[in-house]
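Enquirer: Please find entry-v2.tsv (TSV, C-alpha atoms) on the next line:
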chain	number	residue	atom	x	y	z
A	13	MET	CA	14.83	14.95	18.30
A	14	ARG	CA	17.30	17.76	17.70
A	15	VAL	CA	17.06	20.48	20.34
A	16	GLY	CA	15.21	23.60	19.20
A	17	LEU	CA	13.25	22.02	16.33
A	18	GLY	CA	9.51	22.14	17.02
A	19	VAL	CA	7.50	18.95	16.59
A	20	LEU	CA	3.89	17.89	16.52
A	21	SER	CA	2.62	16.58	19.83
A	22	ASP	CA	-1.05	15.84	19.15
A	23	GLY	CA	-0.92	12.18	20.17
A	24	LEU	CA	-2.18	10.81	16.85
A	25	ALA	CA	1.00	8.82	16.14
A	26	PRO	CA	2.76	8.17	19.47
A	27	THR	CA	4.37	5.14	17.83
A	28	PRO	CA	4.96	4.58	14.10
A	29	PRO	CA	1.63	4.00	12.29
A	30	MET	CA	0.94	0.44	11.16
A	31	GLY	CA	-1.43	-0.72	8.48
A	32	TRP	CA	-1.78	-1.70	4.83
A	33	ASN	CA	-1.60	0.29	1.60
A	34	THR	CA	-2.88	-0.74	-1.83
A	35	TRP	CA	0.00	0.55	-3.96
A	36	ASN	CA	2.94	-1.87	-3.77
A	37	ARG	CA	0.91	-4.91	-4.76
A	38	PHE	CA	-2.07	-3.51	-6.70
A	39	GLY	CA	-0.94	-0.15	-8.08
A	40	PRO	CA	-3.87	1.75	-9.63
A	41	PHE	CA	-6.15	-1.30	-9.67
A	42	VAL	CA	-8.17	-0.51	-6.56
A	43	SER	CA	-11.78	-1.23	-5.68
A	44	GLU	CA	-14.27	-1.40	-2.85
A	45	SER	CA	-14.26	-5.20	-2.89
A	46	LEU	CA	-10.46	-5.37	-2.72
A	47	VAL	CA	-10.38	-3.02	0.25
A	48	LEU	CA	-13.12	-4.81	2.18
A	49	GLU	CA	-11.67	-8.26	1.50
A	50	THR	CA	-8.29	-7.02	2.72
A	51	ALA	CA	-9.86	-5.47	5.82
A	52	ASP	CA	-11.45	-8.82	6.61
A	53	ALA	CA	-8.10	-10.53	6.06
A	54	LEU	CA	-6.36	-8.09	8.41
A	55	VAL	CA	-8.84	-9.15	11.08
A	56	GLY	CA	-8.79	-12.84	10.24
A	57	THR	CA	-5.02	-13.24	10.10
A	58	GLY	CA	-4.45	-11.44	13.40
A	59	MET	CA	-2.76	-8.47	11.77
A	60	ARG	CA	-5.28	-5.98	13.16
A	61	ASP	CA	-4.71	-7.21	16.69
A	62	ALA	CA	-0.93	-7.05	16.12
A	63	GLY	CA	-1.27	-3.33	15.39
A	64	TYR	CA	-1.97	-3.04	11.65
A	65	ARG	CA	-4.91	-0.63	11.91
A	66	TYR	CA	-4.80	1.72	8.90
A	67	VAL	CA	-6.33	0.58	5.60
A	68	VAL	CA	-5.04	3.09	3.04
A	69	ILE	CA	-6.26	3.46	-0.55
A	70	ASP	CA	-3.49	4.94	-2.70
A	71	ASP	CA	-3.75	6.57	-6.14
A	72	ALA	CA	-6.49	6.03	-8.76
A	73	TRP	CA	-9.64	5.91	-6.61
A	74	HIS	CA	-10.92	9.08	-8.33
A	75	GLU	CA	-13.13	10.07	-11.20
A	76	SER	CA	-11.20	11.86	-13.96
A	77	ALA	CA	-12.59	15.28	-13.03
A	78	ARG	CA	-13.96	17.12	-10.00
A	79	ASP	CA	-17.73	17.52	-9.71
A	80	ASP	CA	-19.63	20.73	-10.45
A	81	ALA	CA	-19.10	21.92	-6.87
A	82	GLY	CA	-15.35	21.51	-7.25
A	83	ASP	CA	-15.01	18.43	-5.04
A	84	LEU	CA	-13.01	15.25	-5.62
A	85	VAL	CA	-15.28	12.34	-6.54
A	86	GLU	CA	-14.73	8.63	-6.05
A	87	ASN	CA	-15.01	6.33	-9.07
A	88	ARG	CA	-18.47	4.88	-8.47
A	89	TRP	CA	-17.83	1.92	-10.77
A	90	ALA	CA	-14.95	0.79	-8.52
A	91	PHE	CA	-16.46	2.16	-5.28
A	92	PRO	CA	-20.22	1.84	-5.80
A	93	HIS	CA	-21.21	2.70	-2.23
A	94	GLY	CA	-18.87	5.70	-1.94
A	95	MET	CA	-16.06	6.55	0.42
A	96	ALA	CA	-18.17	7.57	3.42
A	97	TRP	CA	-19.88	4.16	3.41
A	98	LEU	CA	-16.56	2.40	2.95
A	99	ALA	CA	-15.04	4.31	5.88
A	100	GLU	CA	-17.94	3.18	8.08
A	101	GLU	CA	-17.33	-0.43	7.08
A	102	ILE	CA	-13.63	-0.11	7.83
A	103	HIS	CA	-14.38	1.44	11.22
A	104	ARG	CA	-16.94	-1.27	11.98
A	105	ARG	CA	-14.13	-3.81	11.69
A	106	GLY	CA	-12.05	-1.97	14.29
A	107	LEU	CA	-9.77	-0.47	11.66
A	108	ARG	CA	-8.96	3.06	10.47
A	109	PHE	CA	-9.40	4.48	6.98
A	110	GLY	CA	-6.70	6.17	4.90
A	111	LEU	CA	-6.90	7.93	1.54
A	112	TYR	CA	-4.47	9.44	-0.95
A	113	THR	CA	-4.18	12.74	-2.74
A	114	CYS	CA	-1.33	14.70	-4.28
A	115	ALA	CA	0.12	18.17	-3.70
A	116	GLY	CA	0.43	18.90	-7.43
A	117	ASP	CA	-1.97	19.58	-10.29
A	118	LEU	CA	-2.52	15.88	-11.00
A	119	THR	CA	-1.80	12.68	-9.09
A	120	CYS	CA	0.98	10.38	-10.23
A	121	GLN	CA	-1.62	8.42	-12.25
A	122	GLY	CA	-3.06	11.57	-13.83
A	123	TYR	CA	-6.19	12.03	-11.71
A	124	PRO	CA	-7.31	15.35	-10.18
A	125	ALA	CA	-5.01	16.41	-7.36
A	126	SER	CA	-5.21	19.09	-4.69
A	127	ARG	CA	-3.03	22.06	-5.62
A	128	GLY	CA	-5.00	25.15	-4.63
A	129	CYS	CA	-7.75	23.01	-3.05
A	130	GLU	CA	-5.98	21.86	0.10
A	131	ALA	CA	-8.58	23.11	2.61
A	132	ARG	CA	-11.51	21.92	0.47
A	133	ASP	CA	-10.05	18.44	0.04
A	134	ALA	CA	-9.05	18.06	3.68
A	135	LYS	CA	-12.64	18.90	4.68
A	136	ARG	CA	-13.94	16.47	2.04
A	137	PHE	CA	-11.78	13.68	3.44
A	138	ALA	CA	-12.84	14.54	6.99
A	139	SER	CA	-16.52	14.40	5.99
A	140	TRP	CA	-15.95	10.90	4.62
A	141	GLY	CA	-14.45	9.69	7.92
A	142	VAL	CA	-10.83	9.53	6.80
A	143	ASP	CA	-8.26	8.94	9.57
A	144	PHE	CA	-5.04	9.09	7.53
A	145	MET	CA	-4.13	11.36	4.61
A	146	LYS	CA	-1.23	10.55	2.31
A	147	VAL	CA	-0.19	13.57	0.24
A	148	ASP	CA	2.10	12.70	-2.68
A	149	TRP	CA	4.45	14.97	-4.73
A	150	CYS	CA	3.79	14.34	-8.45
A	151	ASN	CA	3.21	17.23	-10.89
A	152	THR	CA	4.40	19.86	-8.42
A	153	ARG	CA	6.06	22.25	-10.83
A	154	CYS	CA	7.67	25.24	-9.08
A	155	LEU	CA	6.46	24.15	-5.64
A	156	ASP	CA	8.72	23.98	-2.60
A	157	GLY	CA	8.20	21.29	0.00
A	158	GLU	CA	8.03	23.20	3.27
A	159	PRO	CA	5.51	25.96	2.35
A	160	THR	CA	3.40	23.48	0.41
A	161	TYR	CA	3.06	21.08	3.31
A	162	ARG	CA	2.60	23.93	5.77
A	163	ILE	CA	-0.64	24.66	3.91
A	164	TRP	CA	-1.55	20.99	4.16
A	165	SER	CA	-0.79	20.88	7.88
A	166	GLU	CA	-3.01	23.89	8.55
A	167	SER	CA	-5.78	22.48	6.33
A	168	VAL	CA	-5.77	19.10	8.04
A	169	ARG	CA	-5.90	20.66	11.50
A	170	ALA	CA	-8.81	22.88	10.44
A	171	ALA	CA	-10.80	20.07	8.81
A	172	GLY	CA	-12.67	19.11	11.98
A	173	ARG	CA	-11.41	15.52	12.28
A	174	PRO	CA	-8.15	14.13	13.68
A	175	MET	CA	-6.18	12.78	10.71
A	176	VAL	CA	-2.60	11.52	10.48
A	177	LEU	CA	-0.73	13.48	7.79
A	178	SER	CA	1.71	11.41	5.74
A	179	ILE	CA	4.06	13.68	3.77
A	180	CYS	CA	5.23	11.87	0.64
A	181	GLU	CA	7.72	14.37	-0.80
A	182	TRP	CA	10.38	11.71	-1.58
A	183	GLY	CA	13.13	13.47	0.40
A	184	ARG	CA	13.51	16.15	-2.29
A	185	HIS	CA	13.79	19.11	0.12
A	186	ASP	CA	15.26	17.42	3.23
A	187	PRO	CA	11.80	17.02	4.81
A	188	TRP	CA	13.22	15.67	8.07
A	189	THR	CA	14.41	19.21	8.84
A	190	TRP	CA	10.93	20.79	8.63
A	191	SER	CA	8.27	18.06	8.52
A	192	PRO	CA	8.33	17.19	12.25
A	193	ARG	CA	6.35	20.33	13.02
A	194	LEU	CA	3.93	19.82	10.11
A	195	GLY	CA	3.13	16.12	9.71
A	196	HIS	CA	3.30	12.79	11.48
A	197	MET	CA	5.56	10.98	9.00
A	198	TRP	CA	7.53	11.91	5.91
A	199	ARG	CA	9.21	9.98	3.14
A	200	THR	CA	12.99	10.11	3.18
A	201	GLY	CA	13.62	9.03	-0.41
A	202	PRO	CA	12.14	7.74	-3.66
A	203	ASP	CA	9.78	4.77	-3.95
A	204	ILE	CA	11.18	1.47	-2.78
A	205	GLU	CA	11.20	-1.45	-5.21
A	206	ASP	CA	10.84	-5.14	-4.48
A	207	SER	CA	14.55	-5.96	-4.75
A	208	TRP	CA	17.60	-6.31	-2.53
A	209	ALA	CA	19.41	-3.49	-4.37
A	210	SER	CA	16.53	-1.10	-3.70
A	211	LEU	CA	16.31	-2.21	-0.07
A	212	VAL	CA	19.95	-1.43	0.74
A	213	ASP	CA	19.82	1.82	-1.25
A	214	THR	CA	16.82	2.85	0.86
A	215	LEU	CA	18.68	1.85	4.03
A	216	ASP	CA	21.68	3.99	3.12
A	217	ARG	CA	19.41	7.03	2.90
A	218	GLN	CA	18.45	6.60	6.57
A	219	VAL	CA	21.97	7.03	7.96
A	220	GLY	CA	22.13	10.10	10.17
A	221	LEU	CA	18.38	10.72	10.30
A	222	HIS	CA	17.81	9.25	13.76
A	223	GLU	CA	17.85	12.63	15.50
A	224	TYR	CA	14.74	13.80	13.65
A	225	ALA	CA	12.35	10.99	14.66
A	226	GLY	CA	10.25	10.46	17.76
A	227	PRO	CA	6.67	10.18	19.03
A	228	ASP	CA	4.20	11.82	16.60
A	229	HIS	CA	6.94	12.49	14.00
A	230	TRP	CA	8.58	9.64	12.09
A	231	ASN	CA	11.02	9.16	9.23
A	232	ASP	CA	9.35	7.00	6.57
A	233	PRO	CA	11.65	4.91	4.36
A	234	ASP	CA	8.51	3.76	2.43
A	235	MET	CA	6.03	0.92	2.58
A	236	LEU	CA	6.89	-2.73	3.08
A	237	GLU	CA	7.47	-5.10	0.17
A	238	VAL	CA	7.37	-8.24	2.36
A	239	GLY	CA	5.58	-11.04	0.53
A	240	ASN	CA	5.48	-9.51	-2.95
A	241	GLY	CA	7.87	-12.04	-4.50
A	242	GLY	CA	10.91	-10.03	-5.57
A	243	MET	CA	13.15	-11.03	-2.66
A	244	SER	CA	13.91	-14.19	-0.72
A	245	GLU	CA	12.37	-15.05	2.63
A	246	GLU	CA	15.68	-14.15	4.32
A	247	GLU	CA	15.77	-10.78	2.57
A	248	TYR	CA	12.19	-10.05	3.59
A	249	ARG	CA	13.05	-10.90	7.18
A	250	THR	CA	15.94	-8.45	6.93
A	251	HIS	CA	13.62	-5.83	5.41
A	252	PHE	CA	11.17	-6.13	8.30
A	253	ALA	CA	13.86	-6.13	10.98
A	254	LEU	CA	15.50	-3.03	9.52
A	255	TRP	CA	12.20	-1.14	9.43
A	256	ALA	CA	11.61	-2.07	13.07
A	257	MET	CA	15.04	-0.75	14.01
A	258	LEU	CA	14.39	2.46	12.07
A	259	ALA	CA	11.15	3.09	14.01
A	260	ALA	CA	9.53	3.19	10.58
A	261	PRO	CA	5.81	3.10	9.87
A	262	LEU	CA	4.94	-0.52	9.11
A	263	MET	CA	2.59	-0.30	6.13
A	264	ALA	CA	2.22	-3.76	4.61
A	265	GLY	CA	2.00	-3.77	0.83
A	266	ASN	CA	1.29	-7.41	-0.03
A	267	ASP	CA	-1.90	-9.30	-0.82
A	268	VAL	CA	-2.94	-10.10	2.74
A	269	ARG	CA	-5.80	-12.28	1.47
A	270	THR	CA	-3.49	-14.90	-0.05
A	271	MET	CA	-0.18	-14.54	1.81
A	272	ASP	CA	1.71	-17.69	2.74
A	273	GLU	CA	2.68	-18.71	6.25
A	274	ALA	CA	6.27	-17.47	5.88
A	275	THR	CA	5.05	-13.97	5.03
A	276	ARG	CA	2.53	-14.04	7.86
A	277	ALA	CA	5.23	-15.11	10.33
A	278	ILE	CA	7.42	-12.17	9.33
A	279	LEU	CA	4.67	-9.55	9.47
A	280	LEU	CA	3.36	-10.84	12.80
A	281	ALA	CA	6.69	-11.41	14.60
A	282	PRO	CA	5.70	-10.05	18.02
A	283	GLU	CA	9.10	-9.13	19.44
A	284	VAL	CA	10.14	-7.43	16.20
A	285	ILE	CA	6.94	-5.38	16.17
A	286	ALA	CA	7.54	-4.51	19.83
A	287	ILE	CA	10.88	-2.95	18.89
A	288	ASP	CA	9.27	-0.88	16.14
A	289	GLN	CA	6.51	0.23	18.50
A	290	ASP	CA	8.74	0.87	21.51
A	291	PRO	CA	7.28	3.91	23.32
A	292	LEU	CA	10.63	5.65	23.76
A	293	GLY	CA	10.54	6.26	20.00
A	294	ARG	CA	14.31	6.26	19.38
A	295	GLN	CA	15.32	5.43	15.82
A	296	ALA	CA	18.39	3.22	15.41
A	297	MET	CA	21.73	4.62	14.35
A	298	ARG	CA	24.50	2.80	12.54
A	299	VAL	CA	27.39	2.24	14.96
A	300	VAL	CA	29.62	-0.11	12.95
A	301	LYS	CA	30.38	-0.38	9.24
A	302	ASP	CA	33.07	-2.90	8.36
A	303	GLY	CA	32.94	-4.00	4.73
A	304	ASP	CA	29.69	-5.89	4.22
A	305	ILE	CA	28.94	-5.97	7.95
A	306	GLU	CA	26.94	-3.23	9.63
A	307	VAL	CA	25.67	-2.92	13.19
A	308	TRP	CA	22.67	-0.76	14.06
A	309	SER	CA	21.69	0.06	17.65
A	310	ARG	CA	18.50	1.41	19.18
A	311	GLU	CA	17.74	2.38	22.78
A	312	LEU	CA	14.50	0.97	24.19
A	313	ALA	CA	12.18	2.21	26.91
A	314	ASP	CA	13.06	-0.54	29.42
A	315	GLY	CA	16.77	0.34	29.28
A	316	SER	CA	17.76	-2.51	26.96
A	317	ARG	CA	19.18	-2.13	23.45
A	318	ALA	CA	17.92	-3.54	20.18
A	319	VAL	CA	20.94	-4.47	18.06
A	320	LEU	CA	20.90	-5.56	14.43
A	321	LEU	CA	23.91	-7.21	12.79
A	322	LEU	CA	23.54	-6.99	9.01
A	323	ASN	CA	25.42	-8.99	6.38
A	324	ARG	CA	24.98	-7.08	3.11
A	325	GLY	CA	27.35	-9.36	1.23
A	326	ALA	CA	26.96	-12.48	-0.90
A	327	SER	CA	28.94	-14.78	1.43
A	328	SER	CA	28.40	-16.11	4.92
A	329	CYS	CA	30.61	-14.51	7.54
A	330	GLU	CA	30.98	-13.68	11.22
A	331	ALA	CA	29.39	-10.48	12.54
A	332	ALA	CA	30.35	-9.03	15.90
A	333	VAL	CA	29.82	-5.99	18.09
A	334	THR	CA	31.39	-4.89	21.35
A	335	TRP	CA	29.45	-3.35	24.20
A	336	ARG	CA	31.79	-0.38	23.92
A	337	ALA	CA	30.65	0.24	20.33
A	338	LEU	CA	27.10	0.40	21.65
A	339	GLY	CA	28.10	2.96	24.29
A	340	LEU	CA	27.77	0.39	27.06
A	341	SER	CA	30.20	-0.55	29.80
A	342	GLU	CA	31.75	-4.01	29.82
A	343	GLY	CA	30.05	-6.58	31.99
A	344	GLU	CA	27.80	-9.60	31.79
A	345	ARG	CA	24.83	-8.89	29.51
A	346	VAL	CA	22.09	-11.25	28.34
A	347	VAL	CA	21.42	-11.43	24.60
A	348	ARG	CA	17.97	-12.43	23.34
A	349	ASP	CA	17.33	-13.59	19.77
A	350	VAL	CA	14.24	-11.61	18.80
A	351	TRP	CA	13.20	-13.79	15.87
A	352	ARG	CA	13.52	-17.04	17.80
A	353	ARG	CA	12.08	-15.45	20.95
A	354	SER	CA	14.70	-17.11	23.14
A	355	ASP	CA	17.89	-16.13	24.91
A	356	ALA	CA	21.04	-16.57	22.84
A	357	GLY	CA	23.59	-16.52	25.65
A	358	ALA	CA	25.52	-13.82	27.42
A	359	GLY	CA	28.76	-11.94	27.00
A	360	ARG	CA	31.05	-9.70	29.03
A	361	GLU	CA	32.59	-7.71	26.17
A	362	GLY	CA	30.23	-8.14	23.24
A	363	TYR	CA	28.38	-10.49	20.97
A	364	SER	CA	29.24	-12.35	17.77
A	365	THR	CA	27.32	-14.66	15.48
A	366	SER	CA	27.58	-16.25	12.06
A	367	THR	CA	25.44	-14.71	9.33
A	368	VAL	CA	24.27	-15.93	5.95
A	369	PRO	CA	24.14	-13.59	2.92
A	370	HIS	CA	21.65	-10.72	3.07
A	371	ALA	CA	20.67	-11.64	6.61
A	372	ALA	CA	20.03	-9.50	9.67
A	373	VAL	CA	20.48	-10.99	13.12
A	374	LEU	CA	18.25	-9.04	15.51
A	375	VAL	CA	18.89	-9.26	19.25
A	376	ARG	CA	17.96	-7.46	22.42
A	377	VAL	CA	20.77	-6.79	24.89
A	378	ARG	CA	19.97	-6.31	28.55
As structure tokens, how would this structure be written, given the file I've shared?

Expert:
Amino acid sequence: MRVGLGVLSDGLAPTPPMGWNTWNRFGPFVSESLVLETADALVGTGMRDAGYRYVVIDDAWHESARDDAGDLVENRWAFPHGMAWLAEEIHRRGLRFGLYTCAGDLTCQGYPASRGCEARDAKRFASWGVDFMKVDWCNTRCLDGEPTYRIWSESVRAAGRPMVLSICEWGRHDPWTWSPRLGHMWRTGPDIEDSWASLVDTLDRQVGLHEYAGPDHWNDPDMLEVGNGGMSEEEYRTHFALWAMLAAPLMAGNDVRTMDEATRAILLAPEVIAIDQDPLGRQAMRVVKDGDIEVWSRELADGSRAVLLLNRGASSCEAAVTWRALGLSEGERVVRDVWRRSDAGAGREGYSTSTVPHAAVLVRVR
């Protein structure tokens, strides 16, 4: 973290939050049954035990108007037992409950939002047992990011329940420069889409942001698209590896209930998750860019380095990195293939490997 910039240190997000969010796969079509079935699937597939703890309902859970007391109200047709009951059920499964609102006059789907009601809505969420608040940025005419989310930060802290604050301001006002002292994570750009073009565009927006991230304050390149069908298995593996290198929140966005084994293997890759959740909390920086080849490097708590060699191009080619480019002295170093969970040899000056199109080779150098 850049010297002199205050940061949160409340211990609610010592490593990047992990969980599942309704939006990328289901959009506004949310319901109590969907959420509970997904919670059960998180437990049954092993995702909960791998660290995916937050179950977050995104936009469109609301009624179309506040109640007579001025409070937000859940849609009782879609959520017949109410949010407090649903939170209890989520907690009973060893998971945590997340809920969405918006900083503007209306949410992105046109439901009541929280402008002018920040303290009321934070207390409402706290009374329901919410553990994670996502605050979006639609319909925010004339608002500025920093003062708006300062109000949110104060409201969440005063609500009487520890809640992670996810600032979803889309990078409009350089949130990495002010969000670390207000929230636990903040979006660095617009919504990701389920395509390779969107993935690399999102990646490019992360260059140079490594100095702003660390325990309790994380850059958020957006939720995962792994398993949603718009990219190949190789591209999804690259997606997941990049997010791990970026110390990004890992918020799955697929249908966990029906995912295939390839998707499950990506989302549960233990040594990849370990890099994302490394307690040192250092986000990777890009150290090499040579045409379609990029190398990203991340320091880890045990003194080793996570290194990702990315082939952005449409042709297979060789990717290489020297120890000097990583800021390391020359000498014999062991290289471990993180996906295969086996050592991939050793080198005195560096490491090279062949790569297929849109692939990311992820290794640990010690």

Enquirer: Hey, which of A:Thr270, A:Thr160, A:Ser76, A:Thr250 ends up closest to Val373 in chain A? Count all atoms listed in the file.

Expert: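 Smallest distance to Val373 in chain A is found for A:Thr250.
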
Enquirer: Residues near Glu361 in chain A, anyone? I mean within 7 Å using all atoms listed in the file, not counting same-chain ones fewer than 4 positions away, as an mmCIF file with C-alpha atoms, in the frame of the given file.

Expert:
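Output contents, as saved in part28.cif:
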data_model
loop_
_atom_site.group_PDB
_atom_site.id
_atom_site.type_symbol
_atom_site.label_atom_id
_atom_site.label_comp_id
_atom_site.auth_asym_id
_atom_site.auth_seq_id
_atom_site.Cartn_x
_atom_site.Cartn_y
_atom_site.Cartn_z
ATOM 1 C CA THR A 334 31.390 -4.890 21.350
ATOM 2 C CA TRP A 335 29.450 -3.350 24.200
ATOM 3 C CA GLU A 342 31.750 -4.010 29.820
ATOM 4 C CA GLY A 343 30.050 -6.580 31.990
#

Enquirer: Do you have the CA of Ser21 in chain A-CA of Val176 in chain A distance handy?

Expert: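 These two atoms are separated by 11.8 Å.
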
Enquirer: Gln289 in chain A: which residues within 12 Å, counting all atoms listed in the file, same-chain residues fewer than 5 positions away excluded, as number ranges by chain?

Expert: A: 25-30, 62-64, 226-228, 230, 255-262, 282-284, 294-295, 312-313

Enquirer: Go through A:Arg136, A:Lys301, A:Arg345, A:Arg336 one by one, measure the shortest atom-to-atom distance of each to Val85 in chain A using all atoms listed in the file, and give the residue with the smallest value.

Expert: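 Looking at the shortest contact to Val85 in chain A, the residue is A:Arg136.
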
Enquirer: Neighbours of His370 in chain A within 8 Å (only C-alpha atoms; same-chain residues fewer than 2 positions away dropped), as a CSV table (one decimal) with C-alpha atoms, in the frame of the given file?

Expert:
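Final output, saved to part_31.csv:
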chain,number,residue,atom,x,y,z
A,246,GLU,CA,15.7,-14.2,4.3
A,247,GLU,CA,15.8,-10.8,2.6
A,250,THR,CA,15.9,-8.4,6.9
A,322,LEU,CA,23.5,-7.0,9.0
A,323,ASN,CA,25.4,-9.0,6.4
A,324,ARG,CA,25.0,-7.1,3.1
A,325,GLY,CA,27.4,-9.4,1.2
A,326,ALA,CA,27.0,-12.5,-0.9
A,368,VAL,CA,24.3,-15.9,6.0
A,372,ALA,CA,20.0,-9.5,9.7

Enquirer: Please, which residues in range 144-261 of chain A fall within 9 Å of range 101-124 of chain A when counting all atoms listed in the file, and what is the closest atom pair and distance in Å to one decimal for each, ordered by chain then residue number, as a Markdown table?

Expert:
| residue | atom | partner | partner_atom | distance |
| --- | --- | --- | --- | --- |
| A:Phe144 | CA | A:Gly110 | CA | 4.3 |
| A:Met145 | CA | A:Leu111 | CA | 5.4 |
| A:Lys146 | CA | A:Tyr112 | CA | 4.7 |
| A:Val147 | CA | A:Cys114 | CA | 4.8 |
| A:Asp148 | CA | A:Cys114 | CA | 4.3 |
| A:Trp149 | CA | A:Ala115 | CA | 5.5 |
| A:Cys150 | CA | A:Cys120 | CA | 5.2 |
| A:Asn151 | CA | A:Gly116 | CA | 4.7 |
| A:Thr152 | CA | A:Gly116 | CA | 4.2 |
| A:Arg153 | CA | A:Gly116 | CA | 7.4 |
| A:Leu155 | CA | A:Gly116 | CA | 8.2 |
| A:Thr160 | CA | A:Ala115 | CA | 7.5 |
| A:Tyr161 | CA | A:Ala115 | CA | 8.1 |
| A:Trp164 | CA | A:Ala115 | CA | 8.5 |
| A:Met175 | CA | A:Gly110 | CA | 8.8 |
| A:Val176 | CA | A:Gly110 | CA | 8.8 |
| A:Cys180 | CA | A:Cys114 | CA | 8.7 |
| A:Glu181 | CA | A:Ala115 | CA | 9.0 |

Enquirer: Would you mind reading off the distance between CA of Val307 in chain A and CA of Val238 in chain A, one decimal, in Å?

Expert: 21.9 Å

Enquirer: Choose the residue, out of A:Ala209, A:Trp351, A:Glu166, A:Asp156, that has the smallest atom-to-atom separation from His185 in chain A; count all atoms listed in the file.

Expert: A:Asp156

Enquirer: Could you list, as a ChimeraX atom specification, every residue within 12 Å of Trp89 in chain A, counting all atoms listed in the file and ignoring same-chain residues fewer than 2 positions away?

Expert: /A:42-45,73-75,85-87,91-94

Enquirer: Using Å and a single decimal, report how far CA of Pro233 in chain A sits from CA of Met263 in chain A.

Expert: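 The value is 10.6 Å.
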
Enquirer: Go ahead and fit an axis-aligned box to every listed atom of range 50-57 of chain A plus 6 Å each side, and pass me the centre and edge lengths in Å, one decimal, as AutoDock Vina command-line options.

Expert:
--center_x -8.2 --center_y -9.4 --center_z 6.9 --size_x 18.4 --size_y 19.8 --size_z 20.4

Enquirer: Could you check which of A:Asp288, A:Glu130, A:Glu100, A:Asp143 is closest to Gly82 in chain A, using only C-alpha atoms?

Expert: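 Ranked by minimum distance to Gly82 in chain A, first place goes to A:Glu130.
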
Enquirer: Pick the closest to Gly339 in chain A from A:Ala99, A:Ala81, A:Val142, A:Val299: which is it, counting all atoms listed in the file?

Expert: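 Closest residue, counting all atoms listed in the file: A:Val299.
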